[in-house]
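> Enclosed is the structure file my_file_22.csv (CSV, C-alpha atoms).
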chain,number,residue,atom,x,y,z
L,11,SER,CA,-1.7,-5.3,3.6
L,12,GLN,CA,-1.3,-2.9,0.8
L,13,THR,CA,-2.3,-3.7,-2.7
L,14,ILE,CA,-2.1,-1.9,-6.0
L,15,HIS,CA,-4.4,-2.4,-8.9
L,16,GLN,CA,-3.7,-1.3,-12.4
L,17,TRP,CA,-5.8,-1.8,-15.5
L,18,PRO,CA,-6.2,-2.7,-18.2
L,19,ALA,CA,-3.5,-5.4,-18.5
L,20,THR,CA,-3.2,-5.0,-22.3
L,21,LEU,CA,-4.3,-2.4,-24.7
L,22,VAL,CA,-4.1,-1.9,-28.4
L,23,GLN,CA,-4.8,1.6,-29.7
L,24,PRO,CA,-4.5,3.3,-33.1
L,25,VAL,CA,-2.2,6.3,-33.5
L,26,GLY,CA,-4.0,9.5,-32.6
L,27,SER,CA,-6.5,7.9,-30.2
L,28,PRO,CA,-6.8,9.0,-26.6
L,29,LEU,CA,-5.5,7.0,-23.6
L,30,SER,CA,-6.5,6.6,-20.0
L,31,LEU,CA,-4.8,4.2,-17.6
L,32,GLU,CA,-5.9,4.0,-14.0
L,33,CYS,CA,-4.1,2.8,-10.9
L,34,THR,CA,-5.5,2.6,-7.4
L,35,VAL,CA,-3.8,1.6,-4.1
L,36,GLU,CA,-5.5,0.0,-1.1
L,37,GLY,CA,-4.4,-0.4,2.5
L,38,THR,CA,-2.3,2.8,2.9
L,39,SER,CA,-2.9,6.5,3.2
L,40,ASN,CA,-1.0,9.4,1.6
L,41,PRO,CA,1.2,7.2,-0.6
L,42,ASN,CA,3.6,8.6,-3.2
L,43,LEU,CA,2.5,7.4,-6.6
L,44,TYR,CA,4.5,6.9,-9.8
L,45,TRP,CA,4.1,6.2,-13.5
L,46,TYR,CA,7.0,4.5,-15.2
L,47,ARG,CA,7.3,3.3,-18.8
L,48,GLN,CA,9.5,0.4,-20.0
L,49,ALA,CA,10.0,0.3,-23.8
L,50,ALA,CA,11.3,-2.7,-25.5
L,51,GLY,CA,15.0,-3.2,-24.8
L,52,ARG,CA,15.1,-0.1,-22.6
L,53,GLY,CA,15.1,0.5,-18.9
L,54,LEU,CA,12.4,1.8,-16.6
L,55,GLN,CA,11.8,5.5,-17.4
L,56,LEU,CA,10.1,7.7,-14.7
L,57,LEU,CA,7.3,9.6,-16.3
L,58,PHE,CA,5.4,11.2,-13.4
L,59,TYR,CA,5.3,11.2,-9.7
L,60,SER,CA,2.9,12.6,-7.1
L,61,VAL,CA,3.4,13.2,-3.4
L,62,GLY,CA,-0.2,14.3,-2.8
L,63,ILE,CA,-3.7,15.0,-4.3
L,64,GLY,CA,-3.5,17.3,-7.2
L,65,GLN,CA,0.3,17.5,-7.1
L,66,ILE,CA,2.1,16.1,-10.2
L,67,SER,CA,5.7,16.3,-11.1
L,68,SER,CA,6.7,15.5,-14.7
L,69,GLU,CA,10.1,14.0,-15.5
L,70,VAL,CA,9.9,13.7,-19.2
L,71,PRO,CA,8.3,16.3,-21.6
L,72,GLN,CA,5.9,14.4,-23.9
L,73,ASN,CA,2.3,14.1,-25.0
L,74,LEU,CA,1.3,12.3,-21.8
L,75,SER,CA,-0.2,13.8,-18.7
L,76,ALA,CA,-1.1,12.5,-15.2
L,77,SER,CA,-3.7,13.4,-12.6
L,78,ARG,CA,-4.3,12.4,-9.0
L,79,PRO,CA,-8.0,13.1,-8.3
L,80,GLN,CA,-8.0,11.1,-5.1
L,81,ASP,CA,-5.4,10.2,-2.5
L,82,ARG,CA,-5.0,6.6,-3.7
L,83,GLN,CA,-5.9,7.1,-7.4
L,84,PHE,CA,-3.4,7.9,-10.2
L,85,ILE,CA,-4.4,8.3,-13.8
L,86,LEU,CA,-2.2,8.5,-16.9
L,87,SER,CA,-3.7,10.1,-20.0
L,88,SER,CA,-3.0,11.2,-23.5
L,89,LYS,CA,-5.1,13.1,-26.0
L,90,LYS,CA,-3.4,11.7,-29.1
L,91,LEU,CA,-1.2,8.6,-29.0
L,92,LEU,CA,2.0,8.3,-31.0
L,93,LEU,CA,3.7,5.1,-32.1
L,94,SER,CA,6.5,5.9,-29.7
L,95,ASP,CA,4.1,5.6,-26.8
L,96,SER,CA,4.0,1.8,-27.1
L,97,GLY,CA,5.5,0.1,-24.1
L,98,PHE,CA,4.9,-1.4,-20.7
L,99,TYR,CA,3.4,1.1,-18.3
L,100,LEU,CA,3.9,0.5,-14.6
L,101,CYS,CA,2.2,2.3,-11.7
L,102,ALA,CA,4.0,2.1,-8.4
L,103,TRP,CA,3.5,3.4,-4.8
L,104,SER,CA,5.8,4.1,-1.9
L,105,SER,CA,5.2,5.1,1.7
L,106,GLY,CA,6.6,8.5,1.1
L,107,GLN,CA,9.3,8.1,3.7
L,108,SER,CA,12.9,8.4,2.6
L,109,ASN,CA,14.6,5.1,1.9
L,110,SER,CA,11.3,3.4,1.2
L,111,PRO,CA,11.1,1.0,-1.8
L,112,LEU,CA,8.6,1.2,-4.7
L,113,HIS,CA,6.0,-1.4,-5.1
L,114,PHE,CA,4.7,-2.0,-8.6
L,115,GLY,CA,1.3,-2.9,-10.1
L,116,ASN,CA,1.0,-5.6,-12.7
L,117,GLY,CA,1.5,-3.2,-15.5
L,118,THR,CA,-0.3,-2.3,-18.8
L,119,ARG,CA,1.1,-3.4,-22.1
L,120,LEU,CA,0.2,-0.7,-24.6
L,121,THR,CA,0.6,-1.3,-28.3
L,122,VAL,CA,0.0,1.7,-30.6
L,123,THR,CA,-0.7,0.7,-34.2
W,8,GLN,CA,21.0,12.9,-15.4
W,9,LYS,CA,21.8,10.5,-12.7
W,10,GLU,CA,23.1,7.2,-14.2
W,11,VAL,CA,22.7,3.7,-13.0
W,12,GLU,CA,24.7,1.3,-15.1
W,13,GLN,CA,24.4,-2.5,-15.4
W,14,ASN,CA,25.9,-5.1,-17.7
W,15,SER,CA,23.0,-6.2,-19.9
W,16,GLY,CA,24.2,-9.8,-20.0
W,17,PRO,CA,23.0,-12.4,-20.5
W,18,LEU,CA,24.8,-13.9,-17.5
W,19,SER,CA,24.7,-17.6,-17.7
W,20,VAL,CA,25.5,-19.8,-14.6
W,21,PRO,CA,24.9,-23.5,-14.0
W,22,GLU,CA,22.4,-24.6,-11.4
W,23,GLY,CA,23.8,-24.5,-7.9
W,24,ALA,CA,26.5,-21.9,-8.7
W,25,ILE,CA,26.8,-18.4,-7.4
W,26,ALA,CA,25.5,-15.6,-9.6
W,27,SER,CA,27.1,-12.2,-9.2
W,28,LEU,CA,25.3,-9.1,-10.5
W,29,ASN,CA,26.9,-5.7,-10.5
W,30,CYS,CA,25.7,-2.1,-10.7
W,31,THR,CA,27.4,1.3,-10.6
W,32,TYR,CA,25.8,4.7,-10.0
W,33,SER,CA,26.9,8.2,-10.7
W,34,ASP,CA,25.3,10.3,-7.9
W,35,ARG,CA,27.7,10.3,-5.0
W,36,VAL,CA,25.1,11.4,-2.5
W,37,SER,CA,22.7,8.5,-3.2
W,38,GLN,CA,21.5,6.9,0.0
W,39,SER,CA,19.1,4.1,-0.9
W,40,PHE,CA,19.8,1.1,-3.1
W,41,PHE,CA,17.5,-1.7,-4.2
W,42,TRP,CA,17.5,-4.8,-6.3
W,43,TYR,CA,14.4,-5.9,-8.2
W,44,ARG,CA,13.7,-9.1,-10.1
W,45,GLN,CA,11.6,-8.9,-13.3
W,46,TYR,CA,10.4,-12.0,-15.0
W,47,SER,CA,9.6,-11.7,-18.7
W,48,GLY,CA,6.3,-9.9,-19.3
W,49,LYS,CA,5.8,-9.2,-15.6
W,50,SER,CA,6.4,-6.2,-13.3
W,51,PRO,CA,9.4,-5.8,-11.1
W,52,GLU,CA,9.4,-7.2,-7.6
W,53,LEU,CA,11.6,-6.1,-4.8
W,54,ILE,CA,14.2,-8.5,-3.7
W,55,MET,CA,16.5,-6.5,-1.3
W,56,SER,CA,17.3,-3.1,-0.1
W,57,ILE,CA,20.6,-1.8,1.3
W,58,TYR,CA,21.5,1.5,2.8
W,59,SER,CA,24.8,1.1,4.5
W,60,ASN,CA,28.3,0.0,3.4
W,61,GLY,CA,28.9,-3.7,3.7
W,62,ASP,CA,26.9,-6.8,3.1
W,63,LYS,CA,23.3,-7.6,3.8
W,64,GLU,CA,22.0,-11.2,3.6
W,65,ASP,CA,18.5,-12.5,3.1
W,66,GLY,CA,18.3,-16.2,2.4
W,67,ARG,CA,20.2,-17.1,-0.8
W,68,PHE,CA,20.6,-13.4,-1.6
W,69,THR,CA,23.4,-11.1,-0.5
W,70,ALA,CA,23.5,-7.4,-1.4
W,71,GLN,CA,26.8,-5.6,-1.1
W,72,LEU,CA,27.3,-1.8,-1.1
W,73,ASN,CA,30.5,0.2,-1.5
W,74,LYS,CA,29.6,3.9,-1.5
W,75,ALA,CA,33.3,5.0,-1.9
W,76,SER,CA,33.4,3.1,-5.2
W,77,GLN,CA,29.7,3.8,-6.0
W,78,TYR,CA,29.1,0.1,-6.5
W,79,VAL,CA,26.3,-2.2,-5.6
W,80,SER,CA,26.2,-5.9,-6.2
W,81,LEU,CA,23.8,-8.8,-5.7
W,82,LEU,CA,25.0,-12.4,-5.1
W,83,ILE,CA,22.6,-15.3,-5.5
W,84,ARG,CA,23.9,-18.5,-3.9
W,85,ASP,CA,22.7,-22.0,-5.0
W,86,SER,CA,21.2,-20.5,-8.2
W,87,GLN,CA,18.0,-22.2,-9.4
W,88,PRO,CA,16.4,-22.2,-12.9
W,89,SER,CA,13.6,-20.2,-11.3
W,90,ASP,CA,16.1,-17.4,-10.7
W,91,SER,CA,16.3,-16.9,-14.4
W,92,ALA,CA,15.0,-13.3,-14.9
W,93,THR,CA,16.2,-9.8,-15.4
W,94,TYR,CA,17.6,-8.1,-12.3
W,95,LEU,CA,17.2,-4.4,-11.9
W,96,CYS,CA,19.4,-2.2,-9.8
W,97,ALA,CA,17.7,1.0,-8.5
W,98,VAL,CA,19.0,4.1,-6.7
W,99,ASN,CA,17.0,6.8,-5.0
W,100,GLY,CA,15.9,9.7,-7.3
W,101,PRO,CA,13.6,12.7,-7.4
W,102,GLY,CA,10.6,12.8,-5.1
W,103,TYR,CA,11.5,9.5,-3.5
W,104,ALA,CA,11.3,7.9,-7.0
W,105,LEU,CA,13.9,5.4,-8.1
W,106,ASN,CA,16.3,5.6,-11.0
W,107,PHE,CA,16.7,2.2,-12.5
W,108,GLY,CA,19.5,0.5,-14.5
W,109,LYS,CA,18.5,-1.3,-17.7
W,110,GLY,CA,18.9,-4.6,-15.9
W,111,THR,CA,21.1,-7.7,-16.2
W,112,SER,CA,19.5,-10.9,-17.7
W,113,LEU,CA,20.4,-14.0,-15.7
W,114,LEU,CA,20.0,-17.5,-17.1
W,115,VAL,CA,20.5,-20.4,-14.8
W,116,THR,CA,21.0,-23.6,-16.7
W,117,PRO,CA,20.0,-27.0,-15.3
Show me the file's structure as C-alpha coordinates.


Amino acid sequence: SQTIHQWPATLVQPVGSPLSLECTVEGTSNPNLYWYRQAAGRGLQLLFYSVGIGQISSEVPQNLSASRPQDRQFILSSKKLLLSDSGFYLCAWSSGQSNSPLHFGNGTRLTVT
Amino acid sequence: QKEVEQNSGPLSVPEGAIASLNCTYSDRVSQSFFWYRQYSGKSPELIMSIYSNGDKEDGRFTAQLNKASQYVSLLIRDSQPSDSATYLCAVNGPGYALNFGKGTSLLVTP
(Lines of atoms letter the chains of each structure in order from A and count residues from 1; the text may use other names and numbers.)
(Lines give C-alpha, C1' and ligand atoms only; values in the text may rest on other atoms or scores of the structure.)
Protein backbone atom coordinates (compact mmCIF):
# COMPACT_ATOMS: atom_id res chain seq x y z
CA SER A 1 0.00 0.00 0.00
CA GLN A 2 1.04 3.58 -0.50
CA THR A 3 2.34 5.70 2.34
CA ILE A 4 3.45 9.30 2.53
CA HIS A 5 5.98 10.58 5.02
CA GLN A 6 6.40 14.21 5.94
CA TRP A 7 8.76 15.73 8.44
CA PRO A 8 9.27 17.40 10.79
CA ALA A 9 5.88 17.41 12.51
CA THR A 10 6.46 20.78 14.14
CA LEU A 11 8.96 23.53 13.56
CA VAL A 12 9.63 26.90 15.15
CA GLN A 13 11.87 29.18 13.14
CA PRO A 14 12.88 32.86 13.49
CA VAL A 15 12.07 35.40 10.81
CA GLY A 16 14.75 35.45 8.13
CA SER A 17 15.90 31.88 8.68
CA PRO A 18 15.86 29.25 5.91
CA LEU A 19 13.35 26.43 5.62
CA SER A 20 13.42 22.93 4.24
CA LEU A 21 10.49 20.54 4.50
CA GLU A 22 10.69 17.09 2.99
CA CYS A 23 8.08 14.63 1.81
CA THR A 24 8.50 11.12 0.43
CA VAL A 25 5.99 8.66 -0.97
CA GLU A 26 6.31 4.88 -0.89
CA GLY A 27 4.47 2.16 -2.75
CA THR A 28 3.73 3.99 -5.98
CA SER A 29 5.59 5.21 -9.05
CA ASN A 30 5.27 8.49 -10.94
CA PRO A 31 2.92 10.12 -8.45
CA ASN A 32 1.74 13.69 -8.76
CA LEU A 33 2.99 15.58 -5.73
CA TYR A 34 1.58 18.67 -4.07
CA TRP A 35 2.35 21.21 -1.35
CA TYR A 36 -0.55 22.97 0.36
CA ARG A 37 -0.59 25.47 3.20
CA GLN A 38 -3.39 25.95 5.68
CA ALA A 39 -3.14 29.19 7.64
CA ALA A 40 -5.17 29.75 10.79
CA GLY A 41 -8.82 30.32 9.92
CA ARG A 42 -8.19 29.85 6.22
CA GLY A 43 -8.68 27.10 3.71
CA LEU A 44 -6.14 24.90 2.02
CA GLN A 45 -4.02 26.92 -0.39
CA LEU A 46 -2.24 25.11 -3.21
CA LEU A 47 1.40 26.22 -3.31
CA PHE A 48 3.13 23.89 -5.78
CA TYR A 49 2.47 20.76 -7.73
CA SER A 50 4.64 18.42 -9.74
CA VAL A 51 3.75 15.81 -12.34
CA GLY A 52 7.31 14.51 -12.74
CA ILE A 53 10.97 14.78 -11.70
CA GLY A 54 12.26 18.32 -12.03
CA GLN A 55 8.86 19.66 -13.10
CA ILE A 56 7.35 22.20 -10.70
CA SER A 57 4.30 24.41 -11.15
CA SER A 58 3.81 27.33 -8.79
CA GLU A 59 0.33 28.53 -7.96
CA VAL A 60 1.12 31.41 -5.64
CA PRO A 61 4.04 33.87 -6.06
CA GLN A 62 5.90 34.12 -2.76
CA ASN A 63 9.25 33.51 -1.12
CA LEU A 64 8.82 29.73 -1.17
CA SER A 65 10.18 27.29 -3.73
CA ALA A 66 9.81 23.58 -4.36
CA SER A 67 11.97 20.89 -5.89
CA ARG A 68 11.51 17.27 -6.91
CA PRO A 69 14.96 15.70 -7.07
CA GLN A 70 13.62 12.13 -7.19
CA ASP A 71 10.40 10.54 -8.39
CA ARG A 72 8.93 10.16 -4.92
CA GLN A 73 10.58 13.08 -3.10
CA PHE A 74 9.21 16.59 -2.85
CA ILE A 75 10.94 19.42 -0.99
CA LEU A 76 9.61 22.81 0.05
CA SER A 77 12.18 25.51 0.74
CA SER A 78 12.63 29.13 1.63
CA LYS A 79 15.77 31.23 1.87
CA LYS A 80 14.27 33.71 4.34
CA LEU A 81 11.09 33.07 6.26
CA LEU A 82 8.47 35.74 6.87
CA LEU A 83 5.97 35.88 9.73
CA SER A 84 3.24 35.27 7.17
CA ASP A 85 4.79 31.89 6.31
CA SER A 86 3.44 30.42 9.55
CA GLY A 87 0.89 27.70 8.98
CA PHE A 88 0.20 24.02 8.55
CA TYR A 89 2.08 22.65 5.54
CA LEU A 90 0.68 19.58 3.90
CA CYS A 91 2.27 17.34 1.31
CA ALA A 92 -0.02 15.19 -0.80
CA TRP A 93 0.17 12.71 -3.64
CA SER A 94 -2.19 11.41 -6.27
CA SER A 95 -1.94 8.72 -8.90
CA GLY A 96 -1.79 11.26 -11.70
CA GLN A 97 -4.95 9.95 -13.32
CA SER A 98 -7.87 12.27 -13.81
CA ASN A 99 -10.50 11.98 -11.10
CA SER A 100 -8.01 10.57 -8.59
CA PRO A 101 -8.15 11.92 -5.03
CA LEU A 102 -5.29 13.44 -3.09
CA HIS A 103 -3.79 11.66 -0.11
CA PHE A 104 -2.17 13.81 2.53
CA GLY A 105 0.80 13.38 4.81
CA ASN A 106 0.54 14.20 8.50
CA GLY A 107 1.64 17.78 7.93
CA THR A 108 4.22 20.15 9.40
CA ARG A 109 3.10 22.92 11.73
CA LEU A 110 5.45 25.85 11.16
CA THR A 111 5.59 28.81 13.50
CA VAL A 112 7.73 31.75 12.43
CA THR A 113 8.67 33.97 15.36
CA GLN B 1 -9.95 31.94 -9.48
CA LYS B 2 -12.16 28.89 -9.22
CA GLU B 3 -14.22 29.13 -6.05
CA VAL B 4 -15.45 26.43 -3.73
CA GLU B 5 -17.83 27.80 -1.12
CA GLN B 6 -18.93 26.27 2.16
CA ASN B 7 -20.75 27.58 5.18
CA SER B 8 -18.14 27.76 7.93
CA GLY B 9 -20.59 26.76 10.66
CA PRO B 10 -20.40 25.51 13.28
CA LEU B 11 -23.20 23.13 12.45
CA SER B 12 -24.47 21.53 15.63
CA VAL B 13 -26.56 18.35 15.53
CA PRO B 14 -27.60 15.95 18.29
CA GLU B 15 -26.21 12.45 18.38
CA GLY B 16 -28.18 10.12 16.11
CA ALA B 17 -29.44 12.90 13.82
CA ILE B 18 -28.63 13.52 10.17
CA ALA B 19 -25.96 16.13 9.46
CA SER B 20 -26.22 17.90 6.11
CA LEU B 21 -23.18 19.68 4.73
CA ASN B 22 -23.32 21.77 1.58
CA CYS B 23 -20.87 23.07 -1.00
CA THR B 24 -21.13 25.14 -4.18
CA TYR B 25 -18.48 25.56 -6.86
CA SER B 26 -17.97 28.13 -9.58
CA ASP B 27 -16.32 26.21 -12.43
CA ARG B 28 -19.08 24.71 -14.53
CA VAL B 29 -16.72 22.21 -16.21
CA SER B 30 -15.56 20.61 -12.94
CA GLN B 31 -15.65 16.83 -13.12
CA SER B 32 -14.40 15.44 -9.79
CA PHE B 33 -15.74 16.15 -6.33
CA PHE B 34 -14.47 15.00 -2.97
CA TRP B 35 -15.29 15.27 0.70
CA TYR B 36 -12.53 15.23 3.29
CA ARG B 37 -12.74 15.15 7.07
CA GLN B 38 -10.18 17.04 9.13
CA TYR B 39 -9.88 16.66 12.87
CA SER B 40 -8.35 19.55 14.77
CA GLY B 41 -4.57 19.59 14.32
CA LYS B 42 -4.61 16.70 11.86
CA SER B 43 -4.37 16.39 8.10
CA PRO B 44 -7.44 15.91 5.87
CA GLU B 45 -8.58 12.36 5.19
CA LEU B 46 -10.70 11.33 2.23
CA ILE B 47 -14.27 10.32 2.99
CA MET B 48 -15.95 10.13 -0.39
CA SER B 49 -15.61 10.94 -4.04
CA ILE B 50 -18.41 11.55 -6.53
CA TYR B 51 -18.25 12.16 -10.26
CA SER B 52 -21.80 11.73 -11.61
CA ASN B 53 -25.06 13.47 -10.87
CA GLY B 54 -27.12 11.81 -8.19
CA ASP B 55 -26.40 10.10 -4.91
CA LYS B 56 -23.54 7.88 -3.80
CA GLU B 57 -23.75 6.01 -0.52
CA ASP B 58 -20.95 4.58 1.61
CA GLY B 59 -22.00 3.36 5.03
CA ARG B 60 -23.41 6.28 7.01
CA PHE B 61 -22.26 8.79 4.37
CA THR B 62 -24.13 9.89 1.26
CA ALA B 63 -22.68 12.32 -1.26
CA GLN B 64 -25.03 14.15 -3.60
CA LEU B 65 -24.04 15.95 -6.79
CA ASN B 66 -26.07 18.32 -8.95
CA LYS B 67 -23.90 19.66 -11.75
CA ALA B 68 -26.65 21.85 -13.18
CA SER B 69 -26.88 23.71 -9.89
CA GLN B 70 -23.12 23.37 -9.22
CA TYR B 71 -23.90 21.91 -5.84
CA VAL B 72 -22.41 19.07 -3.80
CA SER B 73 -23.61 17.86 -0.43
CA LEU B 74 -22.66 15.32 2.19
CA LEU B 75 -25.18 13.66 4.47
CA ILE B 76 -24.07 11.87 7.61
CA ARG B 77 -26.70 9.57 9.07
CA ASP B 78 -26.80 8.52 12.72
CA SER B 79 -24.24 11.20 13.59
CA GLN B 80 -21.79 10.30 16.36
CA PRO B 81 -19.66 12.55 18.59
CA SER B 82 -16.64 11.10 16.77
CA ASP B 83 -17.95 12.74 13.58
CA SER B 84 -17.22 16.15 15.11
CA ALA B 85 -14.64 17.64 12.77
CA THR B 86 -14.26 20.08 9.89
CA TYR B 87 -15.52 18.78 6.55
CA LEU B 88 -13.78 20.02 3.43
CA CYS B 89 -15.33 20.04 -0.02
CA ALA B 90 -12.85 19.74 -2.89
CA VAL B 91 -13.16 20.13 -6.64
CA ASN B 92 -10.63 19.26 -9.33
CA GLY B 93 -8.18 22.05 -10.14
CA PRO B 94 -4.91 22.58 -12.04
CA GLY B 95 -2.57 19.65 -12.68
CA TYR B 96 -5.02 17.26 -11.07
CA ALA B 97 -4.70 19.24 -7.84
CA LEU B 98 -7.83 20.02 -5.86
CA ASN B 99 -9.37 23.35 -4.96
CA PHE B 100 -10.73 23.23 -1.42
CA GLY B 101 -13.45 25.12 0.36
CA LYS B 102 -12.68 26.56 3.77
CA GLY B 103 -14.63 23.79 5.43
CA THR B 104 -17.70 23.43 7.62
CA SER B 105 -17.21 22.72 11.31
CA LEU B 106 -19.55 19.99 12.56
CA LEU B 107 -20.28 19.44 16.24
CA VAL B 108 -22.26 16.36 17.26
CA THR B 109 -23.57 16.73 20.79
CA PRO B 110 -24.25 13.66 22.99

> May I have the protein, DNA and RNA residues with any atom at most 10 Å from the point (24.6, 8.6, -0.3), counting all atoms listed in the file, written as an MDAnalysis selection string?

chainID W and resid 34:40 58:59 74:75 77 98:99

> Taking all atoms listed in the file into account, what are the residues of chain L at most 7 Å from chain W, put as a PDB file with C-alpha atoms, in the coordinates of the input?


ATOM      1  CA  ARG L  52      15.100  -0.100 -22.600  1.00  0.00           C
ATOM      2  CA  GLY L  53      15.100   0.500 -18.900  1.00  0.00           C
ATOM      3  CA  LEU L  54      12.400   1.800 -16.600  1.00  0.00           C
ATOM      4  CA  GLY L 106       6.600   8.500   1.100  1.00  0.00           C
ATOM      5  CA  SER L 108      12.900   8.400   2.600  1.00  0.00           C
ATOM      6  CA  ASN L 109      14.600   5.100   1.900  1.00  0.00           C
ATOM      7  CA  PHE L 114       4.700  -2.000  -8.600  1.00  0.00           C
ATOM      8  CA  GLY L 115       1.300  -2.900 -10.100  1.00  0.00           C
ATOM      9  CA  ASN L 116       1.000  -5.600 -12.700  1.00  0.00           C
ATOM     10  CA  GLY L 117       1.500  -3.200 -15.500  1.00  0.00           C
TER      11      GLY L 117
END

> Nearest residue to Gln72 of chain L out of L:Cys101, L:Leu92, L:Ile85, L:Ala19, using all atoms listed in the file?

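Answer, going by the shortest atom-to-atom distance: L:Leu92.
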
> Would you compute the distance between atom CA of Ala50 of chain L and atom CA of Ser77 of chain L? Give it in Å to one decimal.

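Computed distance, atom CA of Ala50 of chain L to atom CA of Ser77 of chain L, equals 25.5 Å.
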
> Identify, on the basis of only C-alpha atoms, every residue whose closest approach to Ala26 of chain W does not exceed 8 Å; exclude the query and any residue fewer than 3 positions from it along the same chain; express the result as number ranges by chain.

W: 20, 82-84, 86

> Would you mind telling me which residue in W:Leu113, W:Cys30, W:Ile54, W:Cys96 lies nearest to Ser76 of chain W when using only C-alpha atoms?

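Answer, going by the shortest atom-to-atom distance: W:Cys30.
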
> Write out as a list in words which residues come within 8 Å of Ser30 of chain L when counting all atoms listed in the file, dropping same-chain ones fewer than 3 positions away.

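Counting all atoms listed in the file, the residues come to Ile85, Leu86, Ser87 and Ser88 of chain L.
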
> Using C-alpha atoms, can you export the residues from the last selection as a CSV table (one decimal), keeping the file's coordinate frame?


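Okay, this is what ended up in selection.csv:
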chain,number,residue,atom,x,y,z
L,85,ILE,CA,-4.4,8.3,-13.8
L,86,LEU,CA,-2.2,8.5,-16.9
L,87,SER,CA,-3.7,10.1,-20.0
L,88,SER,CA,-3.0,11.2,-23.5

> Would you kindly return, as a ChimeraX atom specification, each protein, DNA or RNA residue with an atom no farther than 12 Å from any atom of Asn73 of chain L, considering only C-alpha atoms and excluding same-chain residues fewer than 5 positions away?

/L:26-29,57,68,86-95

> May I have the residues within 12 Å of segment 87-89 of chain W as a tab-separated table (two decimals) with C-alpha atoms, keeping the file's coordinate frame, using only C-alpha atoms and disregarding those fewer than 6 positions away in the same chain?


chain	number	residue	atom	x	y	z
W	19	SER	CA	24.70	-17.60	-17.70
W	20	VAL	CA	25.50	-19.80	-14.60
W	21	PRO	CA	24.90	-23.50	-14.00
W	22	GLU	CA	22.40	-24.60	-11.40
W	23	GLY	CA	23.80	-24.50	-7.90
W	24	ALA	CA	26.50	-21.90	-8.70
W	25	ILE	CA	26.80	-18.40	-7.40
W	26	ALA	CA	25.50	-15.60	-9.60
W	44	ARG	CA	13.70	-9.10	-10.10
W	45	GLN	CA	11.60	-8.90	-13.30
W	46	TYR	CA	10.40	-12.00	-15.00
W	47	SER	CA	9.60	-11.70	-18.70
W	67	ARG	CA	20.20	-17.10	-0.80
W	113	LEU	CA	20.40	-14.00	-15.70
W	114	LEU	CA	20.00	-17.50	-17.10
W	115	VAL	CA	20.50	-20.40	-14.80
W	116	THR	CA	21.00	-23.60	-16.70
W	117	PRO	CA	20.00	-27.00	-15.30

> So that I can check the surroundings of His15 of chain L, please list as a count of residues only every protein, DNA and RNA residue that reaches within 12 Å of it, counting only C-alpha atoms and ignoring chain neighbours fewer than 5 positions away.

21

> Please indicate the distance in Å from atom CA of Thr38 of chain L to atom CA of Ala92 of chain W, rounded to one decimal place.

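Those two atoms sit 29.6 Å apart.
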
> Can you measure atom CA of Gln48 of chain L to atom CA of Gln71 of chain W for me? One decimal in Å is fine.

26.3 Å
